[in-house]
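**Q** Input structure: model.txt, which contains compact mmCIF, C-alpha atoms.
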```txt
# COMPACT_ATOMS: atom_id res chain seq x y z
CA MET P 172 65.26 83.29 87.46
CA LEU P 173 62.78 86.13 87.99
CA LEU P 174 61.59 88.12 84.98
CA ASP P 175 60.45 91.72 85.22
CA THR P 176 58.00 90.90 82.47
CA ALA P 177 56.68 94.35 81.58
CA SER P 178 60.21 95.75 81.43
CA LEU P 179 61.18 92.95 79.06
CA TYR P 180 58.19 93.14 76.74
CA PHE P 181 58.66 96.92 76.49
CA ARG P 182 62.28 96.21 75.47
CA ALA P 183 61.07 93.59 72.99
CA TYR P 184 58.47 95.97 71.56
CA PHE P 185 61.05 98.66 70.83
CA GLY P 186 63.77 96.17 69.85
CA VAL P 187 61.80 94.12 67.31
CA PRO P 188 60.34 95.85 64.21
CA ASP P 189 56.56 96.29 64.17
CA THR P 190 56.60 94.69 60.73
CA VAL P 191 56.55 91.39 62.70
CA ARG P 192 52.82 90.70 62.47
CA ALA P 193 50.16 88.04 62.86
CA PRO P 194 48.49 86.60 59.74
CA ASP P 195 45.74 89.25 60.04
CA GLY P 196 48.31 92.06 60.15
CA THR P 197 48.22 92.71 63.91
CA PRO P 198 51.68 93.58 65.29
CA VAL P 199 53.10 90.82 67.50
CA ASN P 200 56.65 92.16 67.84
CA ALA P 201 56.47 92.34 71.66
CA VAL P 202 55.06 88.80 71.88
CA ARG P 203 57.63 87.24 69.61
CA GLY P 204 60.48 89.32 71.00
CA LEU P 205 59.67 88.26 74.57
CA LEU P 206 59.43 84.58 73.59
CA ASP P 207 62.83 84.80 71.88
CA PHE P 208 64.27 86.54 74.93
CA ILE P 209 63.00 83.86 77.32
CA ALA P 210 64.30 81.15 75.00
CA ARG P 211 67.73 82.74 75.03
CA LEU P 212 67.70 83.08 78.82
CA VAL P 213 66.70 79.44 79.31
CA GLN P 214 69.27 78.24 76.80
CA ASP P 215 72.15 80.32 78.17
CA HIS P 216 71.47 80.12 81.92
CA ARG P 217 69.52 76.88 82.44
CA PRO P 218 67.54 78.05 85.47
CA GLN P 219 65.88 75.36 87.56
CA ALA P 220 62.88 77.60 88.19
CA LEU P 221 61.47 80.69 86.48
CA ALA P 222 58.71 83.18 87.22
CA ALA P 223 57.30 85.81 84.88
CA CYS P 224 56.50 88.56 87.41
CA MET P 225 53.67 90.90 86.49
CA ASP P 226 52.42 94.36 87.45
CA ALA P 227 49.02 93.70 89.01
CA ASP P 228 49.17 97.41 89.85
CA TRP P 229 51.87 99.43 88.10
CA ARG P 230 51.22 102.51 90.31
CA PRO P 231 50.07 101.32 93.75
CA GLN P 232 47.93 103.75 95.68
CA TRP P 233 50.01 103.36 98.84
CA ARG P 234 53.04 104.68 96.97
CA VAL P 235 51.02 107.51 95.37
CA GLU P 236 49.70 108.59 98.78
CA LEU P 237 53.28 109.07 99.95
CA ILE P 238 54.55 110.78 96.77
CA PRO P 239 51.64 111.95 94.55
CA SER P 240 53.98 112.57 91.59
CA TYR P 241 54.96 108.88 91.54
CA LYS P 242 54.64 107.79 87.88
CA ALA P 243 51.93 110.46 87.47
CA HIS P 244 53.13 111.49 84.01
CA ARG P 245 52.51 107.94 82.74
CA VAL P 246 48.80 107.88 83.61
CA ALA P 247 46.64 107.60 80.50
CA GLU P 248 43.35 107.37 82.41
CA GLU P 249 42.48 107.51 86.10
CA ILE P 250 40.36 104.56 87.24
CA PRO P 251 38.46 105.36 90.49
CA ASP P 252 38.11 101.79 91.79
CA GLY P 253 41.19 100.14 90.33
CA PRO P 254 44.70 100.65 89.00
CA ASP P 255 45.05 103.66 86.72
CA GLU P 256 45.57 102.87 83.07
CA GLU P 257 49.19 103.28 82.03
CA GLU P 258 50.06 105.13 78.85
CA THR P 259 51.46 102.58 76.40
CA PRO P 260 52.01 102.58 72.64
CA ASP P 261 48.78 101.84 70.76
CA THR P 262 50.09 98.60 69.30
CA LEU P 263 51.65 97.29 72.52
CA GLY P 264 48.61 97.22 74.82
CA PRO P 265 46.70 94.59 72.80
CA GLN P 266 49.76 92.31 72.82
CA VAL P 267 49.88 92.00 76.62
CA PRO P 268 46.87 89.63 76.93
CA VAL P 269 48.38 87.50 74.15
CA ILE P 270 51.65 87.29 76.09
CA GLU P 271 49.75 86.18 79.19
CA GLN P 272 47.76 83.55 77.30
CA VAL P 273 50.86 82.12 75.63
CA LEU P 274 52.88 81.96 78.87
CA ASP P 275 49.96 80.21 80.60
CA ALA P 276 49.51 77.69 77.78
CA ILE P 277 53.22 76.91 77.86
CA GLY P 278 53.06 76.44 81.62
CA LEU P 279 55.54 79.14 82.62
CA ALA P 280 54.68 80.49 86.07
CA ARG P 281 53.15 83.97 85.98
CA LEU P 282 52.80 85.86 89.25
CA GLY P 283 51.33 89.18 90.34
CA ALA P 284 49.84 90.54 93.56
CA GLU P 285 46.95 92.99 93.91
CA GLY P 286 48.18 96.40 94.98
CA TYR P 287 51.81 95.70 94.10
CA GLU P 288 54.22 96.06 91.21
CA ALA P 289 56.27 93.31 89.62
CA ASP P 290 59.28 94.73 91.50
CA ASP P 291 57.60 93.79 94.77
CA VAL P 292 56.85 90.27 93.56
CA ILE P 293 60.48 89.91 92.52
CA GLY P 294 61.71 91.31 95.83
CA THR P 295 59.58 88.84 97.79
CA LEU P 296 60.57 85.81 95.70
CA ALA P 297 64.25 86.76 95.78
CA THR P 298 64.11 87.14 99.56
CA ARG P 299 62.41 83.77 100.00
CA ALA P 300 64.71 81.88 97.63
CA ALA P 301 66.98 79.28 99.17
CA GLY P 302 69.49 79.31 96.32
CA PRO P 303 71.01 81.76 93.81
CA VAL P 304 68.67 84.11 91.94
CA ASP P 305 69.03 85.93 88.63
CA VAL P 306 66.70 88.92 88.24
CA VAL P 307 66.21 89.89 84.60
CA THR P 308 65.13 93.50 84.20
CA GLY P 309 65.76 96.73 82.35
CA ASP P 310 64.82 98.68 85.50
CA ARG P 311 67.75 99.91 87.58
CA ASP P 312 65.55 100.09 90.70
CA LEU P 313 66.03 96.35 91.13
CA PHE P 314 69.79 96.77 91.59
CA GLN P 315 68.87 97.17 95.27
CA LEU P 316 68.28 93.39 95.40
CA VAL P 317 71.88 92.50 94.46
CA ASP P 318 73.34 90.44 97.29
CA ASP P 319 76.59 88.51 96.85
CA GLU P 320 76.12 86.59 100.07
CA ARG P 321 72.79 85.19 98.90
CA GLY P 322 73.78 84.90 95.24
CA VAL P 323 71.28 87.47 93.91
CA ARG P 324 72.38 89.12 90.65
CA VAL P 325 70.70 91.34 88.08
CA LEU P 326 70.90 90.59 84.36
CA TYR P 327 70.35 93.91 82.61
CA PRO P 328 69.61 94.12 78.86
CA VAL P 329 71.84 96.66 77.14
CA LYS P 330 70.98 96.15 73.49
CA GLY P 331 67.61 94.86 72.39
CA VAL P 332 67.09 91.47 73.99
CA GLY P 333 70.30 89.77 72.95
CA SER P 334 72.98 91.34 75.16
CA LEU P 335 73.02 91.40 78.97
CA ASP P 336 75.22 93.05 81.57
CA THR P 337 75.56 91.07 84.80
CA TYR P 338 75.45 93.08 88.01
CA ASP P 339 76.82 91.57 91.18
CA GLY P 340 78.20 93.55 94.12
CA ALA P 341 81.53 94.26 92.43
CA ALA P 342 79.88 95.51 89.23
CA LEU P 343 77.54 97.77 91.19
CA ARG P 344 80.38 99.25 93.22
CA ALA P 345 82.44 99.82 90.07
CA LYS P 346 79.62 101.65 88.28
CA TYR P 347 77.73 103.39 91.09
CA GLY P 348 80.03 103.30 94.12
CA VAL P 349 77.47 101.41 96.24
CA ASP P 350 76.44 97.81 96.81
CA GLY P 351 72.91 96.45 96.52
CA ALA P 352 71.94 97.52 100.04
CA GLY P 353 73.05 101.10 99.29
CA TYR P 354 71.44 101.38 95.87
CA ALA P 355 67.96 102.22 97.18
CA ASP P 356 69.42 105.12 99.20
CA LEU P 357 71.31 106.28 96.10
CA ALA P 358 68.07 106.18 94.10
CA VAL P 359 66.24 108.19 96.78
CA LEU P 360 68.91 110.90 96.78
CA ARG P 361 69.38 111.03 93.01
CA GLY P 362 65.68 110.84 92.19
CA ASP P 363 64.26 109.51 88.95
CA PRO P 364 62.23 111.71 86.56
CA SER P 365 60.91 108.61 84.78
CA ASP P 366 59.22 107.58 88.04
CA GLY P 367 58.24 111.08 89.15
CA LEU P 368 60.75 111.07 92.05
CA PRO P 369 62.31 114.52 92.54
CA GLY P 370 65.34 113.47 94.59
CA VAL P 371 67.31 116.00 96.62
CA ARG P 372 67.91 119.21 94.65
CA GLY P 373 71.48 119.43 93.43
CA ILE P 374 72.45 115.93 94.59
CA GLY P 375 73.32 113.86 91.55
CA GLU P 376 74.47 110.28 91.32
CA LYS P 377 78.17 110.91 92.02
CA THR P 378 77.56 113.24 94.95
CA ALA P 379 75.03 110.78 96.39
CA ALA P 380 77.55 107.93 96.16
CA LYS P 381 80.22 110.07 97.79
CA LEU P 382 77.93 111.02 100.68
CA LEU P 383 76.88 107.39 101.18
CA ALA P 384 80.54 106.35 101.29
CA GLN P 385 81.20 109.01 103.93
CA TYR P 386 78.14 108.54 106.12
CA GLY P 387 77.09 104.93 105.50
CA ASP P 388 73.43 105.29 104.59
CA LEU P 389 70.61 107.80 104.17
CA ASP P 390 70.00 108.04 107.91
CA GLY P 391 73.69 108.77 108.44
CA ILE P 392 73.62 111.56 105.86
CA ARG P 393 70.50 113.12 107.40
CA ALA P 394 72.11 112.97 110.83
CA ALA P 395 75.18 114.72 109.42
CA ALA P 396 72.96 117.38 107.83
CA ALA P 397 71.50 118.09 111.26
CA ASP P 398 74.92 118.14 112.95
CA PRO P 399 76.50 121.61 112.83
CA VAL P 400 80.04 120.22 113.14
CA SER P 401 79.80 117.62 110.34
CA ARG P 402 81.72 118.07 107.09
CA LEU P 403 78.66 118.83 104.97
CA THR P 404 78.72 122.25 103.33
CA PRO P 405 76.15 124.89 104.31
CA ALA P 406 74.59 124.52 100.85
CA GLN P 407 74.20 120.77 101.30
CA ARG P 408 72.64 121.25 104.73
CA THR P 409 70.10 123.61 103.18
CA LYS P 410 69.29 121.13 100.42
CA PHE P 411 68.65 118.32 102.88
CA LYS P 412 66.55 120.58 105.10
CA GLU P 413 64.42 121.57 102.10
CA ALA P 414 64.04 117.91 101.09
CA ALA P 415 63.08 116.67 104.58
CA ALA P 416 59.43 115.90 103.77
CA TYR P 417 60.45 113.98 100.64
CA LEU P 418 63.17 112.07 102.49
CA ASP P 419 60.71 111.04 105.20
CA VAL P 420 58.61 109.03 102.72
CA ALA P 421 60.80 108.32 99.67
CA PRO P 422 62.58 105.24 101.09
CA THR P 423 59.24 103.46 101.51
CA VAL P 424 58.32 104.28 97.91
CA VAL P 425 61.68 103.35 96.39
CA ARG P 426 62.43 100.16 98.33
CA VAL P 427 60.77 97.08 96.90
CA ALA P 428 58.50 95.10 99.18
CA ARG P 429 60.00 91.79 100.29
CA ASP P 430 57.21 90.17 102.26
CA ILE P 431 53.99 90.37 100.25
CA SER P 432 51.48 87.54 100.12
CA LEU P 433 51.83 85.45 96.96
CA PRO P 434 49.98 82.38 95.73
CA ASP P 435 51.78 79.08 96.06
CA VAL P 436 52.86 78.43 92.46
CA ASP P 437 55.23 75.81 91.09
CA LEU P 438 58.07 77.71 89.41
CA THR P 439 59.69 74.63 87.87
CA LEU P 440 60.33 75.03 84.16
CA PRO P 441 57.97 72.88 82.08
CA ARG P 442 59.66 70.51 79.66
CA ALA P 443 56.49 70.28 77.56
CA PRO P 444 53.53 72.67 77.11
CA ARG P 445 50.78 72.61 79.73
CA ASP P 446 48.05 72.96 77.09
CA PRO P 447 49.39 71.89 73.68
CA ALA P 448 46.07 72.32 71.85
CA LEU P 449 45.55 75.87 73.11
CA LEU P 450 49.17 76.74 72.41
CA GLU P 451 48.90 75.49 68.84
CA ALA P 452 45.73 77.56 68.34
CA LEU P 453 47.44 80.66 69.75
CA SER P 454 50.47 80.05 67.55
CA GLU P 455 48.34 79.86 64.43
CA ARG P 456 46.16 82.82 65.39
CA TRP P 457 49.11 85.10 66.14
CA GLY P 458 51.77 83.68 63.82
CA LEU P 459 54.26 82.88 66.58
CA GLY P 460 56.25 80.54 64.35
CA GLY P 461 59.96 80.23 65.06
CA SER P 462 59.84 82.29 68.26
CA LEU P 463 57.57 79.79 69.98
CA ARG P 464 59.42 76.83 68.51
CA ARG P 465 62.76 78.12 69.82
CA LEU P 466 61.34 78.55 73.31
CA LEU P 467 59.79 75.08 73.37
CA GLU P 468 63.08 73.58 72.15
CA ALA P 469 65.00 75.41 74.88
CA LEU P 470 62.57 74.15 77.53
CA ALA P 471 62.72 70.58 76.22
CA GLY P 472 66.53 70.63 76.11
```
Could you write out this file's structure as structure tokens?

**A**
Amino acid sequence: MLLDTASLYFRAYFGVPDTVRAPDGTPVNAVRGLLDFIARLVQDHRPQALAACMDADWRPQWRVELIPSYKAHRVAEEIPDGPDEEETPDTLGPQVPVIEQVLDAIGLARLGAEGYEADDVIGTLATRAAGPVDVVTGDRDLFQLVDDERGVRVLYPVKGVGSLDTYDGAALRAKYGVDGAGYADLAVLRGDPSDGLPGVRGIGEKTAAKLLAQYGDLDGIRAAAADPVSRLTPAQRTKFKEAAAYLDVAPTVVRVARDISLPDVDLTLPRAPRDPALLEALSERWGLGGSLRRLLEALAG
């Protein structure tokens, strides 16, 4: 089980009231919400291994160099020699180090890679995995990893942190008209304003799926756009011609990396905390109460 951790703690932050606070009044709704979410996942799915995948760089420079608008609207502060600071709610940012400390004290594997997003860590681990993989994320970009043959599914939260939709190949085809391998091409064509990806003007999700069904993949569509006897309309040919520069680079930006270098970390679920004394101190300091207890009980069970 691979967790898109930032996606999940954002969900927890907005799904759990900010009246959930530490003894000193500091909001801990994202911390407690994430712990409850992981407890539920462990209890319901009983994974043999789990990794909390992190954004070491939420906006990698190599992606920005290809598409400068990539996540540009989310930049709170540009950092010359490191990852730009992402705009986050004032009361969420301080909770992230607490989440990291608690996960480490419990002994849950936490993985990131310099210059890469959590998506890339997930893509690499999913590709390396010998057995079935469940990717837990609220980010549709990771639908591209769905692979029935290898047993890779996406568990997608639809309401807070308590309800999940399961996406395998059949579910993807039913909703989007493509399988996992085609989803990245669909995302390139459709674009995504939340990630600063313009897409191809006038090509929405349904038209993109229809074109992919007709021509197989993005390369096939571009070949058809350049072929004067293909069935594309003159207007569509014009749109693809105008989008040529974007289409040359967008697949590299949208597709998750699958072969990055990662530290050798044991992903086995701990049955007992790695550092009980530190965990107890963190629990008291931040008032983690029942959320931490439920997670520890799920791990022990």

**Q** Identify, on the basis of only C-alpha atoms, every residue whose closest approach to P:Val306 does not exceed 12 Å; exclude the query and any residue fewer than 2 positions from it along the same chain; express the result as a PyMOL selection string.

**A** chain P and resi 172-176+178-179+212+216+218+220-224+289-290+292-298+300+303-304+308-318+322-328+335-339

**Q** Do you have, as a tab-separated table, the list of residues of stretch 258-362 of chain P lying at most 12 Å from stretch 454-471 of chain P, each with its nearest atom pair and that distance in Å to one decimal, counting all atoms listed in the file and ordered by chain then number?

**A**
```
residue	atom	partner	partner_atom	distance
P:Pro265	CA	P:Trp457	CA	11.8
P:Gln266	CA	P:Trp457	CA	9.9
P:Pro268	CA	P:Trp457	CA	11.9
P:Val269	CA	P:Trp457	CA	8.4
P:Ile270	CA	P:Trp457	CA	10.5
P:Gln272	CA	P:Ser454	CA	10.7
P:Val273	CA	P:Ser454	CA	8.4
P:Leu274	CA	P:Leu463	CA	10.3
P:Ala276	CA	P:Ser454	CA	10.5
P:Ile277	CA	P:Leu467	CA	8.2
P:Gly278	CA	P:Leu470	CA	10.6
P:Leu279	CA	P:Leu470	CA	10.0
```

**Q** Generate the output file for the selected residues, C-alpha atoms, as a short mmCIF file (atom, residue, chain, number, x, y, z; two decimals), in the coordinates of the input.

**A**
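The resulting file, result-v8.cif, is shown below:
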```cif
data_model
loop_
_atom_site.label_atom_id
_atom_site.label_comp_id
_atom_site.auth_asym_id
_atom_site.auth_seq_id
_atom_site.Cartn_x
_atom_site.Cartn_y
_atom_site.Cartn_z
CA PRO P 265 46.70 94.59 72.80
CA GLN P 266 49.76 92.31 72.82
CA PRO P 268 46.87 89.63 76.93
CA VAL P 269 48.38 87.50 74.15
CA ILE P 270 51.65 87.29 76.09
CA GLN P 272 47.76 83.55 77.30
CA VAL P 273 50.86 82.12 75.63
CA LEU P 274 52.88 81.96 78.87
CA ALA P 276 49.51 77.69 77.78
CA ILE P 277 53.22 76.91 77.86
CA GLY P 278 53.06 76.44 81.62
CA LEU P 279 55.54 79.14 82.62
#
```

**Q** For the atom pair atom CA of P:Asp398 and atom CA of P:Leu418, what is the interatomic distance in Å to one decimal place?

**A**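 Atom-to-atom, atom CA of P:Asp398 and atom CA of P:Leu418 are spaced 16.9 Å apart.
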
**Q** If I put a ball of radius 7 Å at (59.4, 92.2, 74.4) in the file's coordinates, which residues poke into it when counting all atoms listed in the file, written as a list of chain:residue names?

**A**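 Answer for this query, in the requested form: P:Leu179, P:Tyr180, P:Phe181, P:Arg182, P:Ala183, P:Tyr184, P:Ala201, P:Val202, P:Gly204, P:Leu205.
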
**Q** Can I get the selected residues back with C-alpha atoms, as a compact mmCIF listing (two decimals), in the frame of the given file?

**A**
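So out_19.txt came out as:
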```
# COMPACT_ATOMS: atom_id res chain seq x y z
CA LEU P 179 61.18 92.95 79.06
CA TYR P 180 58.19 93.14 76.74
CA PHE P 181 58.66 96.92 76.49
CA ARG P 182 62.28 96.21 75.47
CA ALA P 183 61.07 93.59 72.99
CA TYR P 184 58.47 95.97 71.56
CA ALA P 201 56.47 92.34 71.66
CA VAL P 202 55.06 88.80 71.88
CA GLY P 204 60.48 89.32 71.00
CA LEU P 205 59.67 88.26 74.57
```

**Q** Between P:Pro434, P:Gly370, P:Ala342, P:Val329, single out the one closest to P:Glu413, counting only C-alpha atoms.

**A**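 Looking only at the distances to P:Glu413, the closest residue turns out to be P:Gly370.
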
**Q** Can you find the residues with an atom no farther than 12 Å from (42.5, 103.8, 88.8), counting only C-alpha atoms, and report them as a PyMOL selection string?

**A** chain P and resi 228-232+235+243+246-257+286

**Q** Grab the residues selected above and save them as a CSV table (one decimal), keeping the file's coordinate frame with C-alpha atoms.

**A**
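As a result, part_5.csv now contains:
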```
chain,number,residue,atom,x,y,z
P,228,ASP,CA,49.2,97.4,89.8
P,229,TRP,CA,51.9,99.4,88.1
P,230,ARG,CA,51.2,102.5,90.3
P,231,PRO,CA,50.1,101.3,93.8
P,232,GLN,CA,47.9,103.8,95.7
P,235,VAL,CA,51.0,107.5,95.4
P,243,ALA,CA,51.9,110.5,87.5
P,246,VAL,CA,48.8,107.9,83.6
P,247,ALA,CA,46.6,107.6,80.5
P,248,GLU,CA,43.4,107.4,82.4
P,249,GLU,CA,42.5,107.5,86.1
P,250,ILE,CA,40.4,104.6,87.2
P,251,PRO,CA,38.5,105.4,90.5
P,252,ASP,CA,38.1,101.8,91.8
P,253,GLY,CA,41.2,100.1,90.3
P,254,PRO,CA,44.7,100.6,89.0
P,255,ASP,CA,45.0,103.7,86.7
P,256,GLU,CA,45.6,102.9,83.1
P,257,GLU,CA,49.2,103.3,82.0
P,286,GLY,CA,48.2,96.4,95.0
```

**Q** Measuring atom to atom with all atoms listed in the file, identify which of P:Arg361, P:Ala448, P:Leu389, P:Glu258 is nearest to P:Lys242.

**A**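 Smallest distance to P:Lys242 is found for P:Glu258.
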
**Q** Pick out the closest residue to P:Tyr354 from this set: P:Leu383, P:Ala284, P:Met225, P:Ala415. Count only C-alpha atoms.

**A** P:Leu383

**Q** Determine, counting all atoms listed in the file, which protein, DNA and RNA residues have an atom within 10 Å of an atom of P:Asp189; residues of the same chain fewer than 5 positions away are not included. Present the result as a PDB file with C-alpha atoms, keeping the file's coordinate frame.

**A**
```
ATOM      1  CA  TYR P 184      58.470  95.970  71.560  1.00  0.00           C
ATOM      2  CA  THR P 197      48.220  92.710  63.910  1.00  0.00           C
ATOM      3  CA  PRO P 198      51.680  93.580  65.290  1.00  0.00           C
ATOM      4  CA  VAL P 199      53.100  90.820  67.500  1.00  0.00           C
ATOM      5  CA  ASN P 200      56.650  92.160  67.840  1.00  0.00           C
ATOM      6  CA  ALA P 201      56.470  92.340  71.660  1.00  0.00           C
ATOM      7  CA  THR P 262      50.090  98.600  69.300  1.00  0.00           C
ATOM      8  CA  LEU P 263      51.650  97.290  72.520  1.00  0.00           C
TER       9      LEU P 263
END
```

**Q** Rebuild all heavy atoms on stretch 211-220 of chain P, as a PDB file, keeping the file's coordinate frame?

**A**
```pdb
ATOM      1  N   ARG P 211      66.296  82.478  74.887  1.00  0.00           N
ATOM      2  CA  ARG P 211      67.730  82.740  75.030  1.00  0.00           C
ATOM      3  C   ARG P 211      68.178  82.624  76.490  1.00  0.00           C
ATOM      4  O   ARG P 211      69.234  82.054  76.794  1.00  0.00           O
ATOM      5  CB  ARG P 211      68.028  84.142  74.486  1.00  0.00           C
ATOM      6  CG  ARG P 211      69.484  84.561  74.546  1.00  0.00           C
ATOM      7  CD  ARG P 211      70.297  83.936  73.413  1.00  0.00           C
ATOM      8  NE  ARG P 211      71.632  84.504  73.418  1.00  0.00           N
ATOM      9  CZ  ARG P 211      71.996  85.583  72.707  1.00  0.00           C
ATOM     10  NH1 ARG P 211      71.120  86.209  71.938  1.00  0.00           N
ATOM     11  NH2 ARG P 211      73.234  86.020  72.757  1.00  0.00           N
ATOM     12  N   LEU P 212      67.374  83.148  77.398  1.00  0.00           N
ATOM     13  CA  LEU P 212      67.700  83.080  78.820  1.00  0.00           C
ATOM     14  C   LEU P 212      67.741  81.625  79.301  1.00  0.00           C
ATOM     15  O   LEU P 212      68.653  81.225  80.030  1.00  0.00           O
ATOM     16  CB  LEU P 212      66.667  83.857  79.640  1.00  0.00           C
ATOM     17  CG  LEU P 212      66.717  85.381  79.514  1.00  0.00           C
ATOM     18  CD1 LEU P 212      65.456  86.005  80.092  1.00  0.00           C
ATOM     19  CD2 LEU P 212      67.957  85.939  80.207  1.00  0.00           C
ATOM     20  N   VAL P 213      66.751  80.849  78.900  1.00  0.00           N
ATOM     21  CA  VAL P 213      66.700  79.440  79.310  1.00  0.00           C
ATOM     22  C   VAL P 213      67.884  78.682  78.725  1.00  0.00           C
ATOM     23  O   VAL P 213      68.543  77.893  79.411  1.00  0.00           O
ATOM     24  CB  VAL P 213      65.357  78.804  78.879  1.00  0.00           C
ATOM     25  CG1 VAL P 213      65.387  77.285  79.089  1.00  0.00           C
ATOM     26  CG2 VAL P 213      64.198  79.422  79.653  1.00  0.00           C
ATOM     27  N   GLN P 214      68.179  78.938  77.475  1.00  0.00           N
ATOM     28  CA  GLN P 214      69.270  78.240  76.800  1.00  0.00           C
ATOM     29  C   GLN P 214      70.623  78.587  77.408  1.00  0.00           C
ATOM     30  O   GLN P 214      71.474  77.714  77.628  1.00  0.00           O
ATOM     31  CB  GLN P 214      69.252  78.602  75.315  1.00  0.00           C
ATOM     32  CG  GLN P 214      70.333  77.920  74.492  1.00  0.00           C
ATOM     33  CD  GLN P 214      70.245  78.330  73.027  1.00  0.00           C
ATOM     34  OE1 GLN P 214      69.161  78.420  72.471  1.00  0.00           O
ATOM     35  NE2 GLN P 214      71.389  78.605  72.415  1.00  0.00           N
ATOM     36  N   ASP P 215      70.834  79.863  77.695  1.00  0.00           N
ATOM     37  CA  ASP P 215      72.150  80.320  78.170  1.00  0.00           C
ATOM     38  C   ASP P 215      72.371  80.074  79.650  1.00  0.00           C
ATOM     39  O   ASP P 215      73.503  79.848  80.083  1.00  0.00           O
ATOM     40  CB  ASP P 215      72.325  81.813  77.883  1.00  0.00           C
ATOM     41  CG  ASP P 215      72.469  82.117  76.399  1.00  0.00           C
ATOM     42  OD1 ASP P 215      72.570  81.158  75.602  1.00  0.00           O
ATOM     43  OD2 ASP P 215      72.465  83.314  76.036  1.00  0.00           O
ATOM     44  N   HIS P 216      71.297  80.138  80.458  1.00  0.00           N
ATOM     45  CA  HIS P 216      71.470  80.120  81.920  1.00  0.00           C
ATOM     46  C   HIS P 216      70.912  78.882  82.593  1.00  0.00           C
ATOM     47  O   HIS P 216      71.235  78.616  83.750  1.00  0.00           O
ATOM     48  CB  HIS P 216      70.836  81.375  82.521  1.00  0.00           C
ATOM     49  CG  HIS P 216      71.482  82.645  82.061  1.00  0.00           C
ATOM     50  ND1 HIS P 216      72.629  83.153  82.629  1.00  0.00           N
ATOM     51  CD2 HIS P 216      71.160  83.493  81.053  1.00  0.00           C
ATOM     52  CE1 HIS P 216      72.976  84.268  82.011  1.00  0.00           C
ATOM     53  NE2 HIS P 216      72.098  84.493  81.043  1.00  0.00           N
ATOM     54  N   ARG P 217      70.069  78.140  81.911  1.00  0.00           N
ATOM     55  CA  ARG P 217      69.520  76.880  82.440  1.00  0.00           C
ATOM     56  C   ARG P 217      69.002  77.011  83.869  1.00  0.00           C
ATOM     57  O   ARG P 217      69.423  76.284  84.771  1.00  0.00           O
ATOM     58  CB  ARG P 217      70.594  75.778  82.376  1.00  0.00           C
ATOM     59  CG  ARG P 217      70.936  75.342  80.973  1.00  0.00           C
ATOM     60  CD  ARG P 217      69.769  74.621  80.345  1.00  0.00           C
ATOM     61  NE  ARG P 217      69.866  74.528  78.892  1.00  0.00           N
ATOM     62  CZ  ARG P 217      68.839  74.225  78.089  1.00  0.00           C
ATOM     63  NH1 ARG P 217      67.645  74.022  78.603  1.00  0.00           N
ATOM     64  NH2 ARG P 217      68.989  74.162  76.793  1.00  0.00           N
ATOM     65  N   PRO P 218      68.087  77.940  84.123  1.00  0.00           N
ATOM     66  CA  PRO P 218      67.540  78.050  85.470  1.00  0.00           C
ATOM     67  C   PRO P 218      66.717  76.818  85.826  1.00  0.00           C
ATOM     68  O   PRO P 218      66.097  76.203  84.961  1.00  0.00           O
ATOM     69  CB  PRO P 218      66.632  79.292  85.382  1.00  0.00           C
ATOM     70  CG  PRO P 218      66.244  79.359  83.936  1.00  0.00           C
ATOM     71  CD  PRO P 218      67.435  78.874  83.171  1.00  0.00           C
ATOM     72  N   GLN P 219      66.708  76.479  87.099  1.00  0.00           N
ATOM     73  CA  GLN P 219      65.880  75.360  87.560  1.00  0.00           C
ATOM     74  C   GLN P 219      64.426  75.787  87.730  1.00  0.00           C
ATOM     75  O   GLN P 219      63.520  74.959  87.672  1.00  0.00           O
ATOM     76  CB  GLN P 219      66.420  74.834  88.894  1.00  0.00           C
ATOM     77  CG  GLN P 219      67.813  74.214  88.784  1.00  0.00           C
ATOM     78  CD  GLN P 219      68.335  73.782  90.138  1.00  0.00           C
ATOM     79  OE1 GLN P 219      67.873  74.240  91.168  1.00  0.00           O
ATOM     80  NE2 GLN P 219      69.319  72.897  90.118  1.00  0.00           N
ATOM     81  N   ALA P 220      64.229  77.072  87.989  1.00  0.00           N
ATOM     82  CA  ALA P 220      62.880  77.600  88.190  1.00  0.00           C
ATOM     83  C   ALA P 220      62.829  78.992  87.569  1.00  0.00           C
ATOM     84  O   ALA P 220      63.850  79.690  87.481  1.00  0.00           O
ATOM     85  CB  ALA P 220      62.554  77.672  89.680  1.00  0.00           C
TER      86      ALA P 220
END
```
